[in-house]
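Q: This is the content of final.txt (compact mmCIF, C-alpha atoms and all ligand atoms):
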# COMPACT_ATOMS: atom_id res chain seq x y z
CA MET A 1 45.77 64.06 30.37
CA SER A 2 48.58 66.15 31.70
CA ARG A 3 49.64 65.68 35.30
CA PHE A 4 47.97 68.12 37.70
CA ILE A 5 48.76 68.24 41.41
CA THR A 6 47.71 71.15 43.56
CA ARG A 7 47.44 71.82 47.27
CA PHE A 8 46.00 73.86 50.10
CA ALA A 9 48.59 74.68 52.73
CA PRO A 10 47.09 76.39 55.79
CA SER A 11 48.91 77.31 58.99
CA PRO A 12 47.09 76.17 62.13
CA THR A 13 47.36 79.52 63.90
CA GLY A 14 43.60 80.08 64.14
CA TYR A 15 40.28 78.85 62.83
CA LEU A 16 39.71 78.83 59.07
CA HIS A 17 37.55 81.67 57.77
CA LEU A 18 35.71 82.32 54.53
CA GLY A 19 38.92 83.45 52.81
CA HIS A 20 40.53 80.09 53.53
CA ALA A 21 37.41 78.27 52.38
CA PHE A 22 37.56 80.15 49.09
CA SER A 23 41.21 79.27 48.63
CA ALA A 24 40.76 75.60 49.54
CA LEU A 25 37.71 75.22 47.31
CA THR A 26 39.41 76.98 44.39
CA ALA A 27 42.32 74.54 44.54
CA PHE A 28 40.14 71.48 45.21
CA ARG A 29 37.78 72.28 42.32
CA ALA A 30 40.70 72.94 39.96
CA ALA A 31 42.14 69.50 40.78
CA ARG A 32 38.77 67.85 40.20
CA GLU A 33 38.24 69.66 36.89
CA ALA A 34 41.69 68.65 35.69
CA GLY A 35 41.27 65.05 36.87
CA GLY A 36 44.27 65.72 39.06
CA ARG A 37 45.29 65.33 42.69
CA PHE A 38 44.62 67.55 45.70
CA ILE A 39 46.99 67.65 48.66
CA LEU A 40 46.50 69.21 52.07
CA ARG A 41 49.66 70.32 53.87
CA ILE A 42 49.91 71.68 57.40
CA GLU A 43 52.39 74.57 57.56
CA ASP A 44 53.18 74.65 61.25
CA ILE A 45 56.81 75.72 61.52
CA ASP A 46 55.84 78.47 63.97
CA ARG A 47 55.86 76.40 67.14
CA THR A 48 54.48 79.16 69.34
CA ARG A 49 51.54 80.27 67.22
CA CYS A 50 50.42 76.88 65.84
CA LYS A 51 48.09 74.81 68.02
CA PRO A 52 46.91 71.19 67.70
CA GLU A 53 43.28 72.25 68.17
CA TYR A 54 43.52 74.50 65.11
CA GLU A 55 44.95 71.63 63.08
CA ALA A 56 42.07 69.38 64.18
CA ALA A 57 39.65 72.17 63.23
CA ILE A 58 41.18 72.40 59.73
CA TYR A 59 40.30 68.74 59.05
CA GLU A 60 36.83 69.21 60.48
CA ASP A 61 36.07 72.41 58.58
CA LEU A 62 37.40 71.18 55.23
CA SER A 63 35.46 67.91 55.52
CA TRP A 64 32.33 69.90 56.28
CA LEU A 65 32.85 71.79 53.01
CA GLY A 66 33.02 68.46 51.16
CA ILE A 67 36.74 68.68 50.44
CA GLU A 68 38.67 65.41 50.24
CA TRP A 69 42.44 65.16 50.42
CA GLU A 70 45.13 62.54 50.24
CA THR A 71 46.58 60.98 53.38
CA PRO A 72 48.95 60.98 55.15
CA VAL A 73 48.97 64.76 55.41
CA ARG A 74 52.44 66.28 55.48
CA ARG A 75 52.99 68.31 58.62
CA GLN A 76 55.99 70.61 58.25
CA SER A 77 56.98 70.45 61.92
CA ASP A 78 57.82 66.75 61.39
CA HIS A 79 60.39 67.65 58.74
CA PHE A 80 62.68 70.35 60.09
CA GLY A 81 65.64 68.16 59.04
CA ASP A 82 64.61 68.45 55.37
CA TYR A 83 64.56 72.24 55.52
CA ALA A 84 67.94 72.26 57.28
CA LYS A 85 69.38 70.32 54.32
CA ALA A 86 67.91 72.81 51.84
CA LEU A 87 69.38 75.63 53.91
CA ASP A 88 72.76 73.88 53.89
CA LYS A 89 72.73 74.01 50.09
CA LEU A 90 72.16 77.75 50.17
CA ILE A 91 74.93 78.14 52.75
CA ALA A 92 77.33 76.06 50.62
CA GLN A 93 76.56 78.28 47.62
CA GLY A 94 77.21 81.39 49.66
CA ALA A 95 73.71 82.64 48.86
CA VAL A 96 72.83 83.45 52.48
CA TYR A 97 74.37 85.32 55.39
CA ARG A 98 73.84 85.36 59.13
CA CYS A 99 71.82 88.28 60.43
CA PHE A 100 71.99 88.87 64.18
CA LYS A 101 69.89 92.03 64.06
CA THR A 102 66.71 92.46 66.02
CA ARG A 103 63.55 93.64 64.31
CA ARG A 104 64.04 97.04 65.99
CA GLU A 105 67.57 97.37 64.55
CA ILE A 106 66.31 96.48 61.07
CA VAL A 107 63.52 99.09 61.33
CA ASP A 108 66.05 101.76 62.38
CA GLU A 109 68.48 100.80 59.63
CA ILE A 110 65.76 101.00 56.99
CA ALA A 111 64.68 104.40 58.30
CA ARG A 112 68.27 105.71 57.95
CA ALA A 113 68.73 104.37 54.40
CA PRO A 114 68.55 107.16 51.79
CA HIS A 115 66.37 105.29 49.33
CA GLY A 116 65.26 102.35 51.43
CA PRO A 117 62.29 100.54 49.97
CA GLY A 118 60.81 100.48 53.47
CA GLU A 119 57.49 98.74 53.74
CA GLY A 120 56.66 96.26 51.00
CA PRO A 121 53.75 94.00 50.19
CA ASP A 122 55.05 91.48 52.68
CA GLY A 123 55.94 93.76 55.56
CA LEU A 124 59.44 95.10 56.16
CA ILE A 125 61.85 95.03 53.26
CA TYR A 126 65.47 94.88 54.22
CA PRO A 127 67.78 95.77 51.33
CA GLY A 128 70.73 94.18 53.14
CA PRO A 129 73.58 95.64 55.20
CA ALA A 130 75.78 98.38 53.75
CA GLU A 131 78.82 96.22 54.55
CA PRO A 132 78.99 92.47 55.21
CA MET A 133 79.67 91.70 58.85
CA ASP A 134 83.31 91.60 59.82
CA ALA A 135 84.49 87.95 60.20
CA ASP A 136 85.90 88.52 63.70
CA GLU A 137 82.70 90.10 64.94
CA GLU A 138 80.69 87.25 63.45
CA ALA A 139 82.94 84.64 65.13
CA ASP A 140 82.61 86.52 68.43
CA ARG A 141 78.86 86.69 68.32
CA LEU A 142 78.64 83.01 67.36
CA ALA A 143 80.94 82.11 70.25
CA ARG A 144 78.65 84.07 72.58
CA GLY A 145 75.74 82.00 71.34
CA GLU A 146 73.78 84.96 69.96
CA ALA A 147 70.72 84.03 67.91
CA PHE A 148 70.75 84.77 64.20
CA ALA A 149 68.55 84.39 61.14
CA TRP A 150 69.80 83.42 57.69
CA ARG A 151 68.97 86.00 55.03
CA LEU A 152 69.24 85.55 51.30
CA SER A 153 71.75 87.97 49.82
CA LEU A 154 70.31 89.21 46.54
CA ALA A 155 73.72 90.62 45.62
CA ARG A 156 75.27 87.17 46.01
CA CYS A 157 72.39 85.50 44.15
CA ARG A 158 73.08 87.79 41.18
CA ASP A 159 76.71 86.60 41.17
CA ILE A 160 75.77 82.95 41.56
CA LEU A 161 73.16 82.89 38.80
CA GLY A 162 74.88 85.38 36.52
CA ALA A 163 72.82 86.28 33.44
CA ASP A 164 70.13 83.78 34.49
CA TYR A 165 69.18 86.02 37.41
CA ALA A 166 67.63 88.65 35.15
CA ARG A 167 66.01 85.94 33.06
CA LEU A 168 64.04 84.40 35.93
CA THR A 169 60.38 84.21 35.00
CA PHE A 170 57.32 82.24 36.07
CA THR A 171 54.07 81.23 34.47
CA GLU A 172 51.01 82.86 36.00
CA GLN A 173 47.53 81.71 35.04
CA GLY A 174 45.53 84.90 34.86
CA ALA A 175 48.47 87.27 34.34
CA GLY A 176 47.24 88.55 30.99
CA PRO A 177 44.80 91.46 30.58
CA ASP A 178 41.95 89.06 29.84
CA GLY A 179 42.92 86.58 32.49
CA GLU A 180 44.99 84.45 30.17
CA THR A 181 48.18 82.69 31.14
CA GLY A 182 51.31 84.81 30.90
CA GLU A 183 55.00 84.88 31.73
CA VAL A 184 55.97 87.19 34.58
CA THR A 185 59.51 88.46 35.07
CA ALA A 186 60.58 87.62 38.60
CA ARG A 187 61.57 90.56 40.79
CA PRO A 188 63.01 89.10 43.98
CA GLU A 189 63.84 92.68 45.06
CA LEU A 190 60.16 92.95 46.03
CA LEU A 191 61.08 91.18 49.27
CA GLY A 192 64.67 92.40 49.61
CA ASP A 193 67.17 90.26 51.51
CA ALA A 194 64.44 88.01 52.88
CA VAL A 195 64.82 85.76 55.91
CA VAL A 196 65.02 82.15 54.70
CA ALA A 197 65.68 80.69 58.14
CA ARG A 198 64.16 82.39 61.14
CA LYS A 199 65.98 82.69 64.44
CA ASP A 200 63.34 80.63 66.20
CA ALA A 201 62.52 78.05 63.51
CA GLY A 202 65.67 77.31 61.51
CA THR A 203 63.57 77.66 58.38
CA SER A 204 60.95 80.05 57.04
CA TYR A 205 57.67 79.86 55.20
CA HIS A 206 59.55 80.60 51.94
CA LEU A 207 62.12 77.82 52.22
CA ALA A 208 59.69 75.19 53.53
CA VAL A 209 56.99 75.91 50.93
CA VAL A 210 59.41 75.76 48.01
CA HIS A 211 60.95 72.54 49.33
CA ASP A 212 57.62 70.85 49.95
CA ASP A 213 55.93 71.85 46.70
CA ALA A 214 58.84 70.26 44.82
CA LEU A 215 58.96 67.18 47.06
CA GLN A 216 55.23 66.61 46.70
CA GLY A 217 55.31 67.09 42.93
CA VAL A 218 52.98 70.09 42.98
CA THR A 219 52.45 71.21 39.38
CA HIS A 220 50.03 74.07 40.12
CA VAL A 221 50.39 76.38 43.08
CA ILE A 222 46.98 77.93 43.67
CA ARG A 223 46.84 80.49 46.47
CA GLY A 224 45.75 84.02 47.32
CA ALA A 225 47.06 87.15 45.63
CA ASP A 226 48.56 88.18 48.99
CA LEU A 227 51.39 85.75 48.26
CA PHE A 228 52.16 87.06 44.78
CA ALA A 229 55.24 89.01 45.93
CA SER A 230 56.53 85.91 47.72
CA THR A 231 56.37 83.98 44.45
CA HIS A 232 59.06 86.28 43.01
CA LEU A 233 61.36 85.14 45.81
CA HIS A 234 60.27 81.51 45.52
CA VAL A 235 61.33 81.22 41.87
CA LEU A 236 64.77 82.50 42.86
CA LEU A 237 64.98 79.85 45.61
CA MET A 238 63.89 77.19 43.09
CA ALA A 239 66.66 78.26 40.72
CA LEU A 240 69.28 78.13 43.49
CA LEU A 241 68.08 74.76 44.78
CA GLY A 242 67.60 73.26 41.31
CA LEU A 243 63.90 72.58 41.90
CA PRO A 244 61.28 72.33 39.14
CA GLN A 245 59.00 75.32 38.77
CA PRO A 246 55.23 74.84 39.04
CA VAL A 247 52.62 76.97 37.30
CA PHE A 248 51.14 79.66 39.56
CA ARG A 249 47.60 80.89 39.95
CA HIS A 250 47.06 83.66 42.50
CA HIS A 251 43.36 84.08 43.08
CA ARG A 252 41.58 87.26 44.16
CA LEU A 253 41.21 87.87 47.87
CA LEU A 254 37.83 87.71 49.44
CA THR A 255 36.71 90.76 51.40
CA ASP A 256 34.03 91.33 54.01
CA ALA A 257 31.08 93.74 53.73
CA ASP A 258 33.42 96.67 54.53
CA GLY A 259 35.83 95.70 51.77
CA LYS A 260 38.44 94.48 54.27
CA ARG A 261 40.29 91.18 53.86
CA PHE A 262 39.21 88.39 56.16
CA ALA A 263 41.67 87.77 58.97
CA LYS A 264 41.92 85.07 61.58
CA ARG A 265 40.81 87.58 64.20
CA ASP A 266 37.42 88.04 62.49
CA ARG A 267 35.54 85.58 64.64
CA ALA A 268 32.25 85.95 62.79
CA ALA A 269 33.69 84.79 59.49
CA THR A 270 35.21 81.55 60.81
CA LEU A 271 33.68 78.42 59.35
CA ARG A 272 32.96 77.11 62.80
CA SER A 273 31.02 80.13 63.93
CA LEU A 274 29.02 80.13 60.68
CA ARG A 275 28.27 76.44 61.31
CA GLU A 276 27.33 77.10 64.92
CA ASN A 277 24.99 79.80 63.74
CA GLY A 278 23.14 77.31 61.62
CA GLU A 279 24.63 78.04 58.22
CA THR A 280 24.94 74.95 56.00
CA ALA A 281 27.95 74.00 53.93
CA ALA A 282 25.82 74.46 50.79
CA GLN A 283 25.06 78.04 51.85
CA VAL A 284 28.75 78.76 52.40
CA LEU A 285 29.60 77.35 48.98
CA ALA A 286 26.90 79.47 47.36
CA ARG A 287 28.09 82.57 49.24
CA LEU A 288 31.57 81.97 47.80
CA GLY A 289 30.24 81.52 44.28
CA PHE A 290 30.72 77.77 43.99
N1 LIG B 1 50.83 78.58 54.81
C1 LIG B 1 50.54 79.77 54.06
C2 LIG B 1 49.43 80.54 54.73
O1 LIG B 1 48.67 79.96 55.50
C3 LIG B 1 50.11 79.53 52.63
C4 LIG B 1 51.13 78.85 51.85
C5 LIG B 1 50.90 78.79 50.35
O2 LIG B 1 49.77 78.58 49.88
O3 LIG B 1 51.89 78.89 49.66
O4 LIG B 1 49.30 81.71 54.47
Render the structure in this file as structure tokens.
Ligand code: GLU
A:
Amino acid sequence: MSRFITRFAPSPTGYLHLGHAFSALTAFRAAREAGGRFILRIEDIDRTRCKPEYEAAIYEDLSWLGIEWETPVRRQSDHFGDYAKALDKLIAQGAVYRCFKTRREIVDEIARAPHGPGEGPDGLIYPGPAEPMDADEEADRLARGEAFAWRLSLARCRDILGADYARLTFTEQGAGPDGETGEVTARPELLGDAVVARKDAGTSYHLAVVHDDALQGVTHVIRGADLFASTHLHVLLMALLGLPQPVFRHHRLLTDADGKRFAKRDRAATLRSLRENGETAAQVLARLGF
């Protein structure tokens, strides 16, 4: 049997809702069907939004659904040093640059750009500065202790990878017209010059997820279609960092009765409120089609 390792990687920024349950169960069932392994990972690099009570609730809610995972669970906030090392590699390659801009400045710059891509699937898309920052100005701002993020320079990545850049692809289960597995050409431009290390965290979701999936030997990344655009960036990061590429499966997103995606603010759809209202785990599973 071929090796199969998948994972569910929630961020403890709120209580899990039906959308998370669908995602977790999809991955857990896939691992069981393949005779493979299922990993739970806590993605808590955002130290202001993540709360210990939400992490505790994740364990409680997933257990209630009958999901079992391997221990110890990797908690990203315990491993900032690992992500710093991955970032150092990108810095050494010259793939990233410091960006001191505020969100407001980025918004204004995008608005002024003649053909700016503007808003993308993942929020704001920054195509990069017209000119790299002047070295003296950069040294000055560093000396003043101004905060900065590290952004991936797609222009530099093209130089670094040469012809391989245009040849970046990934395997998507369900990419074909009849849901079959297909090769997708990666288009990192979908996310522009993305932030790979946030001002406040020293890393980003993108860098940490790519690092951890490789470290944990994940062979199949199973997650919602909302992260499909991010995958295009992730395969570029994998190529730069020399990491193996998993197979991807982006599942459909669950919607509520009004056709809207579930969000953490939808109290009624959280697993704990369903439980408090007397719903059983079996009923939740049936509701989700399992
Ligand atoms: N931590 C991410 C989230 O909660 C998901 C990461 C992933 O599955 O790649 O949206």
Q: Could you check how far CA of Phe22 in chain A sits from CA of Ser77 in chain A, in Å to one decimal?
A: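 We find that CA of Phe22 in chain A and CA of Ser77 in chain A lie 25.2 Å from each other.
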Q: Mind dumping a table of every chain A residue within 6 Å of ligand LIG 1 (chain B), with the nearest atom pair and its distance in Å to one decimal, using only C-alpha atoms and all ligand atoms, sorted by chain and rising number, as a tab-separated table?
A:
residue	atom	partner	partner_atom	distance
A:Ala9	CA	B:LIG1	N1	5.0
A:Pro10	CA	B:LIG1	O1	3.9
A:Ser11	CA	B:LIG1	O1	4.4
A:Glu43	CA	B:LIG1	N1	5.1
A:Arg223	CA	B:LIG1	O2	4.9
Q: Write a file of the just-selected residues containing C-alpha atoms, as a short mmCIF file (atom, residue, chain, number, x, y, z; two decimals), in the frame of the given file.
A:
data_model
loop_
_atom_site.label_atom_id
_atom_site.label_comp_id
_atom_site.auth_asym_id
_atom_site.auth_seq_id
_atom_site.Cartn_x
_atom_site.Cartn_y
_atom_site.Cartn_z
CA ALA A 9 48.59 74.68 52.73
CA PRO A 10 47.09 76.39 55.79
CA SER A 11 48.91 77.31 58.99
CA GLU A 43 52.39 74.57 57.56
CA ARG A 223 46.84 80.49 46.47
#
Q: List the neighbours of Leu65 in chain A out to 10 Å using all atoms listed in the file; skip same-chain residues closer than 6 positions along the sequence, and give me the result as a PyMOL selection string.
A: chain A and resi 21+24-25+271+280-282+284-285
Q: Counting only C-alpha atoms, what is within 8 Å of Ile58 in chain A, bar same-chain residues fewer than 2 positions away, as a list in words?
A: Pro12, Tyr15, Leu16, Tyr54, Glu55, Ala56, Glu60, Asp61 and Leu62 of chain A
Q: Can you work out the spacing between CA of Ile67 in chain A and CA of Asp178 in chain A in Å, to one decimal?
A: 29.4 Å
Q: Determine the nearest neighbour of Ala263 in chain A from the options A:Met238, A:Val196, A:Ala130, A:Leu18, counting only C-alpha atoms.
A: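 Answer, going by the shortest atom-to-atom distance: A:Leu18.
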Q: Taking only C-alpha atoms into account, name the residue in A:Ser153, A:Gln283, A:Thr48, A:Thr255 that is nearest to Arg98 in chain A.
A: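 Of A:Ser153, A:Gln283, A:Thr48, A:Thr255, the one nearest Arg98 in chain A, counting only C-alpha atoms, is A:Ser153.
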Q: Hey, which of A:Ala269, A:Ala84, A:Ala257, A:Val221 ends up closest to Gln173 in chain A? Count all atoms listed in the file.
A: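 Answer, going by the shortest atom-to-atom distance: A:Val221.
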Q: Report as a list in words all protein, DNA and RNA residues lying within 12 Å of range 162-165 of chain A, evaluated on all atoms listed in the file, omitting residues in the same chain fewer than 5 positions from it.
A: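 Everything that qualifies: Leu154, Ala155, Arg156, Cys157, Thr185, Ala186, Arg187, Pro188, Glu189, His232, Leu233, Val235, Leu236, Leu237, Met238, Ala239 and Leu240 of chain A.
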Q: I'd like to know which of A:Ala147, A:Ala27, A:Leu215, A:Ile106 is closest to Tyr126 in chain A, using only C-alpha atoms.
A: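 Closest residue, counting only C-alpha atoms: A:Ile106.
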Q: Select, from A:Val184, A:Ala86, A:Ala111, A:Ala166, the residue with the minimum atom-to-atom distance to Leu243 in chain A, counting all atoms listed in the file.
A: A:Ala86
Q: Please report the interatomic distance between CA of Gly289 in chain A and CA of Leu254 in chain A in Å with one decimal.
A: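 One can read the CA of Gly289 in chain A to CA of Leu254 in chain A distance as 11.1 Å.
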Q: Out of A:Pro72, A:Gly14, A:Gly224, A:Gly128, which residue has the shortest atom-to-atom distance to His251 in chain A when counting only C-alpha atoms?
A: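 The shortest atom-to-atom distance to His251 in chain A comes from A:Gly224.
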Q: Can you list, as a list in words, every protein, DNA or RNA residue that comes within 10 Å of Asp212 in chain A when you count all atoms listed in the file, leaving out same-chain residues fewer than 3 positions away?
A: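 Once the nearby chain positions are removed, what remains is Arg41, Glu43, Arg74, Gln76, His79, Asp82, Tyr83, Leu207, Ala208, Val209, Leu215, Gln216, Gly217 and Val218 of chain A.
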Q: For Pro132 in chain A, find every residue with an atom within 10 Å (counting all atoms listed in the file), except residues of its own chain fewer than 5 positions away, and show them as a PyMOL selection string.
A: chain A and resi 97-99+138
